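Undergrad: Okay, handing you the structure first.
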Amino acid sequence: MLFPGILAAVLLLLTSVHAQSSYSAAPSSSAGSGSVAGNAGGADANGKYQISAEGIRANFIPYGASISNLFINDTHGIERDIVLGFDNATYYSIDRQHPHLGGVPGRYANRIKNSSFEIDGATYNVLPNENNNNDTLHGGPNGWDWRNWTVVAHTTSSITFSLVDPDGSQGFPGEVISYVTYSLAPYQWNFKMVALATTKKTPIMLSSHTYWNLDGFQNPSTPTALNYSLYLPYSGQRIGTDGILIPNGTVLPNQPGSVNDFWSAPKQIGANFSAPEALGNCGTGCTGYDTCFLVNREQDGPYDWREKGPVATLGSPFSGIQVDIYSDQQAFQVYTCSGQNGSLALKNTQGFFNDTSNHPRVVEKYGCVVMEVEDWIDAINQPEWQRSKRNIFGPGDDPYVLEASYNFSVNKTLAAMYHG
C-alpha cells in the first residue's frame, strides 16, 4: 500500500502527461502486458511500445525503461532514426556489452567513488562494477537500466513505467519507488522521472542515457559525430575528475577558447581534438569528452526552466536536425563515444545497406554523443558542495523529480554550410 503522500505524487505524475491521454482503471502488474491503463495497442512484434505526435515518433521498451527508436525528418524530408538501440527488445538483456542504451541509470547515475558513501554518519558500501571494482557506475551490476520495468500506462502519445527497488538492492539503503513518463508533443520529446524513498534515507540521481546520431548513421562522408555543433550556454564550469573519471572535489573553469569551452559560442565537437590538453580529457589516455558540465542559470535570478532557454543545443550539418534540450537539472554530462570500437551493430532503421565495405553497419569510435541531464556527479561524496537536498531523499521528503524537454527542428543554415 502506498503512503498518502506517495500516492499523491504518483497521481500528480500520471496527470501531468498530455491532456489527450486517458487512463482506465488500474495499472498492469507485469511488464509488456496489453492490459495497461490507457492501452494504445501494447507492444509490437519486437517488444516495443510506440508513441507519436506531429513530426515525431518513438519506441520504448520495459528493459531499463529505455528509448529504442526516435524518428525525425531531416532538412530533405527524409525520416531518420537518431538514437542507438537494438531491433528487438529481447536482445537488450542478452548483449554482454550493455552500454546503457537509452535507459534510466539508477538508483544513482554516473560514478560513486570507492563504491561507498555516508548518510548521517553511517557508511554504506554498494556493489562495485567498474575499473577493477574501484567504483560503482550507474547503480551497480544490477542497476535500474538492467531491469524490466512495469508498463503502467500507454496512450498514443505517452508511456509510463514503474519500478520498485527494494531495501538493500545493490547495497543501497531503503526501498525506492520510481515512475518514469515519456510523452511526445509536436516535434518534442518530454520526460518526467519521479522517485520516492519510502523507508530510509538514500541517494537518488537519475538521467536518460540516450546515444545520439542525428544522421541516423547515413552521412556518406563520415561515420562520426565530431562535426556536430554543440552549444552549452550556461556551462562555463565543469567538475574535475581523476584518470578513471571519479570527481576529485574540484570545480574547473572552461576558459574561452579552451578544449572544454562550449559556452562562449557553438563549436564542432571535434574542433579541439588536436590540442595537447584534449588527451586525457575523458580519462587517462582518452581524447574526447566524458565531462560533467555545470549549468549556471541562477545569476539572472529566479527562472522557469521551460522558458529560460536550452541548456544544450546539438545540430548536425549533414541532416540539419537540431535538438534544443531544456531541463530542470543543474549539470549536463557529454560523452563522445570514445569507447565505441565497431563491435556494436546498427539497427535495421539506420546506416547503409548497399556499400557495407565502405560503410560498415556498426558504431565506430566517436560515432555518437551521449547527453545526460543530471545533478552534480558523485555529490554524495563531496559534502562541501552542499548538494544533499538534491541527492539524498528519505521518508517524508519531497520526491526526487527530474524533468526535461527535447525540442527538434531543422537548422537549414547549418545544413547549407555543409551541402553548399
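The chains in the C-alpha cells are called A, B, ... from first to last as shown; in each chain the residues are counted from 1, and the ligands are counted from 1 in the order shown.
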Might you pull out every residue within 9 Å of Ile269 (chain A), with only C-alpha atoms counted and same-chain residues fewer than 4 positions away left off, and present them as a ChimeraX atom specification?

TA: /A:225-230,262,273,288-289,336

Undergrad: Based on DSSP run over this structure's backbone, return all residues of region 71-296 of chain A in helix (DSSP H, G or I), as a ChimeraX atom specification.

TA: /A:89-93,144-146,169-171,276-278

Undergrad: May I have a table of the residues of region 85-164 of chain A lying at most 9 Å from region 174-177 of chain A, giving each one's closest pair of atoms and their distance in Å to one decimal, counting only C-alpha atoms, ordered by chain and ascending residue number, as a tab-separated table?

TA:
residue	atom	partner	partner_atom	distance
A:Arg107	CA	A:Val176	CA	8.3
A:Ser162	CA	A:Ile177	CA	7.4
A:Leu163	CA	A:Ile177	CA	5.9
A:Val164	CA	A:Ile177	CA	4.6

Undergrad: Neighbours of Ser115 (chain A) within 12 Å (only C-alpha atoms; same-chain residues fewer than 2 positions away dropped), as a PyMOL selection string?

TA: chain A and resi 108+110-113+117-118+123-141+170-172+246+378+380-381

Undergrad: Which residue, A:Ala345, A:Asp328, A:Asn354, A:Ala40, has the smallest gap to Tyr303 (chain A) when you use only C-alpha atoms?

TA: A:Asp328

Undergrad: For Asp81 (chain A), which of A:Cys337, A:Ala122, A:Leu346, A:Val194 is the closest residue, counting only C-alpha atoms?

TA: A:Leu346

Undergrad: Nearest residue to Ile321 (chain A) out of A:Thr241, A:Ser68, A:Ser409, A:Ser343, using only C-alpha atoms?

TA: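 Of the candidates, the smallest distance to Ile321 (chain A) is held by A:Ser409.
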
Undergrad: Within 7 Å of region 90-100 of chain A, counting only C-alpha atoms, which residues show up once you throw out same-chain ones fewer than 4 positions away? Write them as number ranges by chain, please.

TA: A: 86, 145, 209

Undergrad: Would you save the residues of that selection, restricted to N, CA, C and O atoms, as a PDB file, in the first residue's frame?

TA:
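Below is the file that was written, part.pdb:
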ATOM      1  N   PHE A  86      18.619  -1.522 -30.121  1.00  0.00           N
ATOM      2  CA  PHE A  86      18.582  -2.821 -30.795  1.00  0.00           C
ATOM      3  C   PHE A  86      17.231  -2.999 -31.478  1.00  0.00           C
ATOM      4  O   PHE A  86      16.233  -2.376 -31.098  1.00  0.00           O
ATOM      5  N   ASP A 145      18.843   0.239 -15.146  1.00  0.00           N
ATOM      6  CA  ASP A 145      18.724   0.026 -16.595  1.00  0.00           C
ATOM      7  C   ASP A 145      19.100  -1.399 -16.992  1.00  0.00           C
ATOM      8  O   ASP A 145      19.216  -1.706 -18.187  1.00  0.00           O
ATOM      9  N   HIS A 209      20.054   7.928 -20.468  1.00  0.00           N
ATOM     10  CA  HIS A 209      21.358   7.626 -21.061  1.00  0.00           C
ATOM     11  C   HIS A 209      21.179   7.294 -22.547  1.00  0.00           C
ATOM     12  O   HIS A 209      21.430   6.176 -23.002  1.00  0.00           O
TER      13      HIS A 209
END

Undergrad: Please identify all polymer residues within 7 Å of Glu364 (chain A), counting only C-alpha atoms, omitting same-chain residues fewer than 2 positions from it, and present them as a PyMOL selection string.

TA: chain A and resi 223+340-342+362+366-367

Undergrad: Residues within 9 Å of Lys48 (chain A), please, as a list in words. Count only C-alpha atoms; anything in the same chain fewer than 5 positions from it doesn't count.

TA: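 Non-adjacent residues within range: Gly32, Gly42, Ala43, Asn59, Phe60, Ile61, Pro62, Ser68, Asn88 and Ala89 of chain A.
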
Undergrad: Counting only C-alpha atoms, what is within 9 Å of Ala278 (chain A), bar same-chain residues fewer than 4 positions away, as a list in words?

TA: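 After dropping sequence-adjacent residues, the list is Val259, Asn260, Asn272, Phe273, Ser274, Cys282, Cys286, Thr287, Gly288 and Tyr289 of chain A.
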
Undergrad: For the selection just defined, write its residues with N, CA and C atoms to a file, as a PDB file, in the first residue's frame.

TA:
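Once everything was written out, this is out_19.pdb:
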ATOM      1  N   VAL A 259      39.617  23.705 -24.753  1.00  0.00           N
ATOM      2  CA  VAL A 259      39.016  22.460 -25.216  1.00  0.00           C
ATOM      3  C   VAL A 259      37.588  22.300 -24.700  1.00  0.00           C
ATOM      4  N   ASN A 260      37.351  22.699 -23.453  1.00  0.00           N
ATOM      5  CA  ASN A 260      36.045  22.489 -22.826  1.00  0.00           C
ATOM      6  C   ASN A 260      35.116  23.692 -22.920  1.00  0.00           C
ATOM      7  N   ASN A 272      38.703  20.780 -31.211  1.00  0.00           N
ATOM      8  CA  ASN A 272      39.950  20.916 -30.461  1.00  0.00           C
ATOM      9  C   ASN A 272      40.629  19.585 -30.163  1.00  0.00           C
ATOM     10  N   PHE A 273      40.280  18.540 -30.913  1.00  0.00           N
ATOM     11  CA  PHE A 273      40.838  17.224 -30.603  1.00  0.00           C
ATOM     12  C   PHE A 273      42.348  17.157 -30.806  1.00  0.00           C
ATOM     13  N   SER A 274      42.891  18.042 -31.613  1.00  0.00           N
ATOM     14  CA  SER A 274      44.340  18.026 -31.843  1.00  0.00           C
ATOM     15  C   SER A 274      45.107  18.817 -30.787  1.00  0.00           C
ATOM     16  N   CYS A 282      38.997  12.843 -21.245  1.00  0.00           N
ATOM     17  CA  CYS A 282      37.917  11.906 -20.910  1.00  0.00           C
ATOM     18  C   CYS A 282      38.475  10.684 -20.186  1.00  0.00           C
ATOM     19  N   CYS A 286      42.671   9.086 -23.003  1.00  0.00           N
ATOM     20  CA  CYS A 286      41.464   9.250 -23.825  1.00  0.00           C
ATOM     21  C   CYS A 286      41.378  10.669 -24.369  1.00  0.00           C
ATOM     22  N   THR A 287      41.094  10.778 -25.668  1.00  0.00           N
ATOM     23  CA  THR A 287      40.829  12.069 -26.294  1.00  0.00           C
ATOM     24  C   THR A 287      39.342  12.183 -26.580  1.00  0.00           C
ATOM     25  N   GLY A 288      38.747  13.244 -26.072  1.00  0.00           N
ATOM     26  CA  GLY A 288      37.313  13.429 -26.269  1.00  0.00           C
ATOM     27  C   GLY A 288      36.684  14.011 -25.026  1.00  0.00           C
ATOM     28  N   TYR A 289      35.409  13.668 -24.823  1.00  0.00           N
ATOM     29  CA  TYR A 289      34.665  14.197 -23.691  1.00  0.00           C
ATOM     30  C   TYR A 289      33.916  13.074 -22.981  1.00  0.00           C
TER      31      TYR A 289
END

Undergrad: Between CA of Ala195 (chain A) and CA of Tyr400 (chain A), what is the spacing in Å?

TA: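 Interatomic distance, CA of Tyr400 (chain A) to CA of Ala195 (chain A): 5.0 Å.
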
Undergrad: Which residue gives the smallest distance to Trp144 (chain A) among A:Ile56, A:Val373, A:Ala109, A:Ala275, with only C-alpha atoms counted?

TA: A:Ala109

Undergrad: Have a look at A:Gly270, A:Pro233, A:Pro399, A:Gly55 and name the one nearest to Asp324 (chain A); count only C-alpha atoms.

TA: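 Smallest distance to Asp324 (chain A) is found for A:Pro233.
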
Undergrad: Given only C-alpha atoms as the basis, pick out the residue of A:Tyr406, A:Trp149, A:Tyr182, A:Phe393 nearest to Ile119 (chain A).

TA: A:Phe393

Undergrad: Using Å and a single decimal, report how far CA of Ala45 (chain A) sits from CA of Ile82 (chain A).

TA: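 Atom-to-atom, CA of Ile82 (chain A) to CA of Ala45 (chain A), that is 21.2 Å.
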